[in-house]
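J.: What follows is the file start_15.tsv, containing TSV, C-alpha atoms:
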```
chain	number	residue	atom	x	y	z
A	1	MET	CA	-134.09	148.22	238.54
A	2	SER	CA	-135.70	150.88	236.37
A	3	ARG	CA	-136.83	150.09	232.86
A	4	PHE	CA	-134.56	152.83	231.55
A	5	ASP	CA	-131.49	152.09	233.64
A	6	PRO	CA	-128.59	153.48	231.53
A	7	THR	CA	-126.21	150.68	232.57
A	8	LEU	CA	-128.65	148.01	231.48
A	9	ARG	CA	-129.38	149.89	228.27
A	10	ASP	CA	-125.64	150.07	227.51
A	11	GLU	CA	-125.22	146.34	228.14
A	12	ILE	CA	-128.10	145.57	225.77
A	13	ILE	CA	-126.64	147.84	223.09
A	14	ALA	CA	-123.23	146.19	223.54
A	15	ALA	CA	-124.83	142.76	222.92
A	16	ILE	CA	-126.44	143.76	219.60
A	17	PRO	CA	-123.48	142.83	217.32
A	18	ASN	CA	-123.27	139.35	218.87
A	19	LEU	CA	-127.04	138.93	218.71
A	20	ARG	CA	-126.95	139.90	215.05
A	21	ALA	CA	-124.14	137.43	214.29
A	22	PHE	CA	-126.07	134.68	216.04
A	23	ALA	CA	-129.26	135.59	214.19
A	24	ILE	CA	-127.43	135.50	210.85
A	25	SER	CA	-126.06	132.05	211.68
A	26	LEU	CA	-129.57	130.82	212.50
A	27	SER	CA	-131.49	132.38	209.64
A	28	GLY	CA	-128.86	132.58	206.90
A	29	SER	CA	-130.22	135.97	205.88
A	30	VAL	CA	-129.03	139.41	206.97
A	31	ASP	CA	-132.48	140.93	206.53
A	32	ARG	CA	-134.15	138.14	208.49
A	33	ALA	CA	-131.44	138.41	211.16
A	34	ASP	CA	-132.04	142.13	211.56
A	35	ASP	CA	-135.77	141.45	212.02
A	36	LEU	CA	-135.00	138.79	214.63
A	37	VAL	CA	-132.68	141.11	216.56
A	38	GLN	CA	-135.22	143.92	216.45
A	39	GLU	CA	-138.00	141.64	217.72
A	40	THR	CA	-135.64	140.28	220.40
A	41	LEU	CA	-134.90	143.79	221.64
A	42	LEU	CA	-138.58	144.71	221.65
A	43	ARG	CA	-139.43	141.63	223.70
A	44	ALA	CA	-136.50	142.20	226.03
A	45	PHE	CA	-137.59	145.78	226.76
A	46	ALA	CA	-141.23	144.73	227.12
A	47	ASN	CA	-140.25	142.04	229.63
A	48	ILE	CA	-137.30	143.74	231.31
A	49	SER	CA	-138.98	143.23	234.67
A	50	SER	CA	-138.42	139.48	234.34
A	51	PHE	CA	-134.65	139.94	233.99
A	52	ARG	CA	-132.86	139.43	237.29
A	53	PRO	CA	-130.01	141.88	237.90
A	54	GLY	CA	-126.71	140.14	238.45
A	55	THR	CA	-127.50	137.32	236.01
A	56	ASN	CA	-126.11	136.93	232.52
A	57	LEU	CA	-127.85	139.54	230.34
A	58	PRO	CA	-126.37	138.34	227.00
A	59	ALA	CA	-127.53	134.78	227.76
A	60	TRP	CA	-131.02	136.08	228.50
A	61	LEU	CA	-131.07	137.99	225.21
A	62	PHE	CA	-129.72	135.01	223.23
A	63	THR	CA	-132.41	132.80	224.75
A	64	ILE	CA	-135.11	135.23	223.64
A	65	LEU	CA	-133.64	135.34	220.14
A	66	ARG	CA	-133.31	131.55	219.86
A	67	ASN	CA	-136.87	130.99	221.10
A	68	LEU	CA	-138.17	133.59	218.67
A	69	PHE	CA	-136.35	131.93	215.78
A	70	ARG	CA	-137.66	128.48	216.71
A	71	SER	CA	-141.23	129.71	217.07
A	72	GLU	CA	-141.15	131.43	213.72
A	73	TYR	CA	-139.46	128.44	212.10
A	74	ARG	CA	-142.23	126.12	213.31
A	75	LYS	CA	-144.83	128.59	212.08
A	76	ARG	CA	-143.22	129.07	208.67
A	77	ARG	CA	-142.78	125.32	208.20
A	78	ARG	CA	-146.57	124.96	208.10
A	79	GLU	CA	-147.09	127.88	205.72
A	80	VAL	CA	-147.25	127.61	201.94
A	81	PRO	CA	-145.91	130.49	199.86
A	82	ASP	CA	-148.91	131.71	197.90
A	83	SER	CA	-148.51	135.40	197.15
A	84	ASP	CA	-150.76	135.32	194.06
A	85	GLY	CA	-153.43	133.08	195.60
A	86	ALA	CA	-152.98	130.31	193.02
A	87	PHE	CA	-152.61	127.59	195.64
A	88	ALA	CA	-155.56	128.82	197.67
A	89	ALA	CA	-157.72	128.75	194.53
A	90	THR	CA	-157.09	125.00	194.17
A	91	LEU	CA	-158.26	124.18	197.69
A	92	THR	CA	-161.68	122.63	197.93
A	93	SER	CA	-163.73	121.06	200.63
A	94	ASN	CA	-166.12	118.25	199.91
A	95	PRO	CA	-169.58	118.47	201.45
A	96	ASP	CA	-169.70	116.82	204.87
A	97	GLN	CA	-172.80	114.75	204.16
A	98	ASN	CA	-171.15	112.82	201.30
A	99	THR	CA	-168.13	112.04	203.42
A	100	HIS	CA	-170.35	110.87	206.26
A	101	LEU	CA	-172.37	108.62	203.95
A	102	ASP	CA	-169.22	107.21	202.35
A	103	PHE	CA	-167.82	106.49	205.79
A	104	GLU	CA	-171.00	104.71	206.89
A	105	ASP	CA	-170.92	102.57	203.72
A	106	PHE	CA	-167.26	101.80	204.37
A	107	ARG	CA	-167.93	100.86	208.01
A	108	ALA	CA	-170.78	98.56	207.03
A	109	ALA	CA	-168.61	96.86	204.41
A	110	LEU	CA	-165.68	96.60	206.81
A	111	ASP	CA	-167.95	94.92	209.38
A	112	GLN	CA	-168.90	92.29	206.78
A	113	LEU	CA	-165.29	91.19	206.30
A	114	PRO	CA	-164.11	88.06	208.10
A	115	PRO	CA	-162.52	89.03	211.43
A	116	ASP	CA	-159.01	87.95	210.43
A	117	GLN	CA	-159.12	90.04	207.22
A	118	ARG	CA	-160.64	93.03	209.00
A	119	GLU	CA	-157.97	92.88	211.71
A	120	ALA	CA	-155.13	92.68	209.17
A	121	LEU	CA	-156.55	95.52	207.07
A	122	VAL	CA	-157.04	97.80	210.07
A	123	LEU	CA	-153.52	97.10	211.36
A	124	VAL	CA	-151.80	97.70	208.02
A	125	GLY	CA	-154.13	100.11	206.23
A	126	ALA	CA	-155.45	102.30	209.02
A	127	SER	CA	-153.05	101.95	211.94
A	128	GLY	CA	-149.91	102.21	209.82
A	129	PHE	CA	-148.19	99.04	210.99
A	130	SER	CA	-145.83	97.30	208.59
A	131	TYR	CA	-146.71	93.81	207.41
A	132	GLU	CA	-144.01	92.45	209.73
A	133	GLU	CA	-145.40	94.32	212.75
A	134	ALA	CA	-148.95	93.20	211.95
A	135	ALA	CA	-147.75	89.60	211.63
A	136	ASP	CA	-146.15	89.83	215.07
A	137	ILE	CA	-149.34	91.27	216.55
A	138	CYS	CA	-151.52	88.57	214.93
A	139	GLN	CA	-148.94	85.86	215.63
A	140	CYS	CA	-148.86	84.60	212.06
A	141	ALA	CA	-146.56	84.67	209.03
A	142	VAL	CA	-145.94	87.86	207.07
A	143	GLY	CA	-147.28	86.18	203.92
A	144	THR	CA	-150.51	85.41	205.74
A	145	ILE	CA	-150.96	89.09	206.66
A	146	LYS	CA	-150.24	90.17	203.07
A	147	SER	CA	-152.80	87.68	201.80
A	148	ARG	CA	-155.44	88.75	204.32
A	149	VAL	CA	-154.92	92.44	203.53
A	150	ASN	CA	-155.06	91.76	199.79
A	151	ARG	CA	-158.28	89.74	200.09
A	152	ALA	CA	-159.82	92.35	202.40
A	153	ARG	CA	-159.03	95.20	200.03
A	154	LYS	CA	-160.36	93.27	197.07
A	155	ARG	CA	-163.55	92.33	198.91
A	156	LEU	CA	-164.12	95.90	200.13
A	157	GLY	CA	-163.73	97.16	196.58
A	158	GLU	CA	-166.34	94.68	195.38
A	159	MET	CA	-168.79	95.48	198.19
A	160	LEU	CA	-168.46	99.21	197.64
A	161	ALA	CA	-168.56	98.86	193.82
A	162	LEU	CA	-165.26	100.67	193.39
A	163	ASP	CA	-163.68	100.55	189.96
A	164	ASP	CA	-160.80	102.87	190.77
A	165	VAL	CA	-159.09	104.05	193.95
A	166	SER	CA	-160.22	107.62	193.26
A	167	ASP	CA	-163.86	106.46	193.56
A	168	PHE	CA	-163.53	106.29	197.32
A	169	GLY	CA	-162.67	109.41	199.26
A	170	PRO	CA	-160.56	112.41	198.36
A	171	ASP	CA	-157.84	111.86	200.95
A	172	LYS	CA	-154.69	109.75	200.80
A	173	THR	CA	-155.38	107.89	204.04
A	174	THR	CA	-158.73	106.61	202.83
A	175	ARG	CA	-157.31	105.58	199.48
A	176	ALA	CA	-154.34	103.87	201.14
A	177	VAL	CA	-156.66	101.27	202.62
A	178	LEU	CA	-157.70	100.18	199.13
A	179	ALA	CA	-154.67	101.13	197.06
A	180	ALA	CA	-152.27	98.17	197.21
A	181	GLU	CA	-154.27	95.84	194.96
A	182	ARG	CA	-155.14	98.48	192.39
A	183	THR	CA	-151.83	100.26	191.75
```
Is it possible to give me this structure as structure tokens?
T.:
Amino acid sequence: MSRFDPTLRDEIIAAIPNLRAFAISLSGSVDRADDLVQETLLRAFANISSFRPGTNLPAWLFTILRNLFRSEYRKRRREVPDSDGAFAATLTSNPDQNTHLDFEDFRAALDQLPPDQREALVLVGASGFSYEEAADICQCAVGTIKSRVNRARKRLGEMLALDDVSDFGPDKTTRAVLAAERT
């Protein structure tokens, strides 16, 4: 089938109102819907050779539109609106060598903890298990896990000479390991 087959072109044109209605229902915006339909048509014409004559053309077009919408939705979900650059100006990156040294100090201190405290702290603080899940893993009471984690956090803070949670690491995950006792 030729790329410019008039019958196929007419079928595509006939599908535009339904594509537009579907795009509006997905995006909630007429302008965004028009962009989606336009991009759908461009992709359809660019890939017309992959359409099999005799199959459902509107379904093929709707699939392209839906996939386009989902791809753009996933992409936009990770983006932060920052037209004036204010957010970008607040972003900083700490030097790698300080982070590496802090991590080595943390590892050395963690290795000095008693095995039961280290295990509880790693399960709850680093692996994200709840106290109940950690208790099941360690085959002990929930209160025992809470006590071990509390003692481990306190001891780590003493070994690393931390007065405040913000003294150790800029990221939430790192601070979470030490945060429970201090907040």
J.: Find the residues around stretch 13-30 of chain A up to 7 Å (all atoms listed in the file counted), leave out those fewer than 4 positions away in its own chain, and share them as a ChimeraX atom specification.
T.: /A:9,34,36-37,58,62
J.: Between A:Thr144, A:Thr40, A:Gln112, A:Gln139, single out the one closest to A:Leu160, counting only C-alpha atoms.
T.: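 Result for the nearest residue to A:Leu160: A:Gln112.
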J.: As a list in words, please: the residues near A:Ser147 (cut-off 12 Å, all atoms listed in the file, same-chain neighbours under 2 positions excluded).
T.: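 What passes the distance filter is Asp116, Gln117, Arg118, Ala120, Leu121, Val124, Tyr131, Ala135, Cys140, Ala141, Val142, Gly143, Thr144, Ile145, Val149, Asn150, Arg151, Ala152, Arg153, Lys154, Ala180 and Glu181 of chain A.
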J.: Could you please determine the separation between atom CA of A:Asp105 and atom CA of A:Thr92 in Å, to one decimal place?
T.: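 The value is 22.8 Å.
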J.: State, in Å with one decimal place, the distance from atom CA of A:Gly85 to atom CA of A:Glu39.
T.: 28.3 Å
J.: Using only C-alpha atoms, which of A:Ala108, A:Glu11, A:Leu65, A:Ser50 sits nearest A:Arg32?
T.: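 Counting only C-alpha atoms, the residue closest to A:Arg32 is A:Leu65.
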J.: Quick one: distance from atom CA of A:Leu61 to atom CA of A:Phe45 in Å, one decimal?
T.: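 One can read the atom CA of A:Leu61 to atom CA of A:Phe45 distance as 10.3 Å.
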J.: Using all atoms listed in the file for the distances, tell me which of A:Leu162, A:Val122, A:Ala44, A:Leu101 is nearest to A:Leu8.
T.: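 Closest to A:Leu8 of all the choices is A:Ala44.
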J.: Please determine, counting all atoms listed in the file, which residue among A:Ile12, A:Arg78, A:Phe69, A:Glu119 has the shortest atom-to-atom distance to A:Asn56.
T.: A:Ile12
J.: Closest to A:Lys146 among A:Leu123, A:Ala89, A:Asp111, A:Leu68, using all atoms listed in the file?
T.: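 Closest candidate: A:Leu123.
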J.: Generate the coordinates of all heavy atoms for stretch 126-137 of chain A; report them as a compact mmCIF listing (two decimals), keeping the file's coordinate frame.
T.:
```txt
# COMPACT_ATOMS: atom_id res chain seq x y z
N ALA A 126 -154.99 101.15 208.24
CA ALA A 126 -155.45 102.30 209.02
C ALA A 126 -154.51 102.67 210.15
O ALA A 126 -154.32 103.84 210.44
CB ALA A 126 -156.85 102.02 209.58
N SER A 127 -153.91 101.66 210.80
CA SER A 127 -153.05 101.95 211.94
C SER A 127 -151.60 102.19 211.55
O SER A 127 -150.81 102.63 212.38
CB SER A 127 -153.12 100.81 212.96
OG SER A 127 -154.43 100.70 213.46
N GLY A 128 -151.25 101.89 210.31
CA GLY A 128 -149.91 102.21 209.82
C GLY A 128 -148.82 101.22 210.19
O GLY A 128 -147.64 101.51 210.03
N PHE A 129 -149.19 100.04 210.67
CA PHE A 129 -148.19 99.04 210.99
C PHE A 129 -147.65 98.42 209.70
O PHE A 129 -148.37 98.31 208.70
CB PHE A 129 -148.78 97.93 211.87
CG PHE A 129 -149.07 98.35 213.27
CD1 PHE A 129 -150.37 98.60 213.69
CD2 PHE A 129 -148.04 98.51 214.19
CE1 PHE A 129 -150.64 98.99 214.98
CE2 PHE A 129 -148.30 98.90 215.48
CZ PHE A 129 -149.60 99.16 215.89
N SER A 130 -146.40 98.02 209.73
CA SER A 130 -145.83 97.30 208.59
C SER A 130 -146.41 95.89 208.58
O SER A 130 -147.00 95.44 209.57
CB SER A 130 -144.31 97.24 208.71
OG SER A 130 -143.94 96.40 209.79
N TYR A 131 -146.24 95.19 207.47
CA TYR A 131 -146.71 93.81 207.41
C TYR A 131 -146.04 92.96 208.50
O TYR A 131 -146.69 92.13 209.13
CB TYR A 131 -146.42 93.20 206.04
CG TYR A 131 -147.29 93.74 204.92
CD1 TYR A 131 -146.75 94.47 203.88
CD2 TYR A 131 -148.67 93.50 204.91
CE1 TYR A 131 -147.55 94.96 202.86
CE2 TYR A 131 -149.48 94.00 203.90
CZ TYR A 131 -148.91 94.73 202.87
OH TYR A 131 -149.71 95.20 201.88
N GLU A 132 -144.76 93.21 208.72
CA GLU A 132 -144.01 92.45 209.73
C GLU A 132 -144.58 92.71 211.13
O GLU A 132 -144.76 91.78 211.92
CB GLU A 132 -142.52 92.81 209.68
CG GLU A 132 -141.82 92.34 208.41
CD GLU A 132 -142.07 93.23 207.19
OE1 GLU A 132 -142.61 94.36 207.34
OE2 GLU A 132 -141.78 92.78 206.07
N GLU A 133 -144.85 93.98 211.43
CA GLU A 133 -145.40 94.32 212.75
C GLU A 133 -146.79 93.72 212.93
O GLU A 133 -147.12 93.19 213.99
CB GLU A 133 -145.45 95.84 212.93
CG GLU A 133 -144.09 96.49 213.01
CD GLU A 133 -144.14 98.01 212.87
OE1 GLU A 133 -145.04 98.52 212.17
OE2 GLU A 133 -143.28 98.67 213.48
N ALA A 134 -147.60 93.78 211.88
CA ALA A 134 -148.95 93.20 211.95
C ALA A 134 -148.87 91.69 212.14
O ALA A 134 -149.66 91.12 212.89
CB ALA A 134 -149.75 93.56 210.70
N ALA A 135 -147.92 91.05 211.48
CA ALA A 135 -147.75 89.60 211.63
C ALA A 135 -147.38 89.26 213.07
O ALA A 135 -147.88 88.27 213.62
CB ALA A 135 -146.68 89.09 210.66
N ASP A 136 -146.51 90.06 213.67
CA ASP A 136 -146.15 89.83 215.07
C ASP A 136 -147.37 89.99 215.97
O ASP A 136 -147.59 89.19 216.89
CB ASP A 136 -145.05 90.79 215.51
CG ASP A 136 -143.69 90.44 214.95
OD1 ASP A 136 -143.51 89.29 214.50
OD2 ASP A 136 -142.81 91.33 214.96
N ILE A 137 -148.16 91.01 215.73
CA ILE A 137 -149.34 91.27 216.55
C ILE A 137 -150.34 90.12 216.43
O ILE A 137 -150.91 89.66 217.42
CB ILE A 137 -150.00 92.62 216.16
CG1 ILE A 137 -149.08 93.77 216.55
CG2 ILE A 137 -151.38 92.77 216.80
CD1 ILE A 137 -149.48 95.11 215.97
```
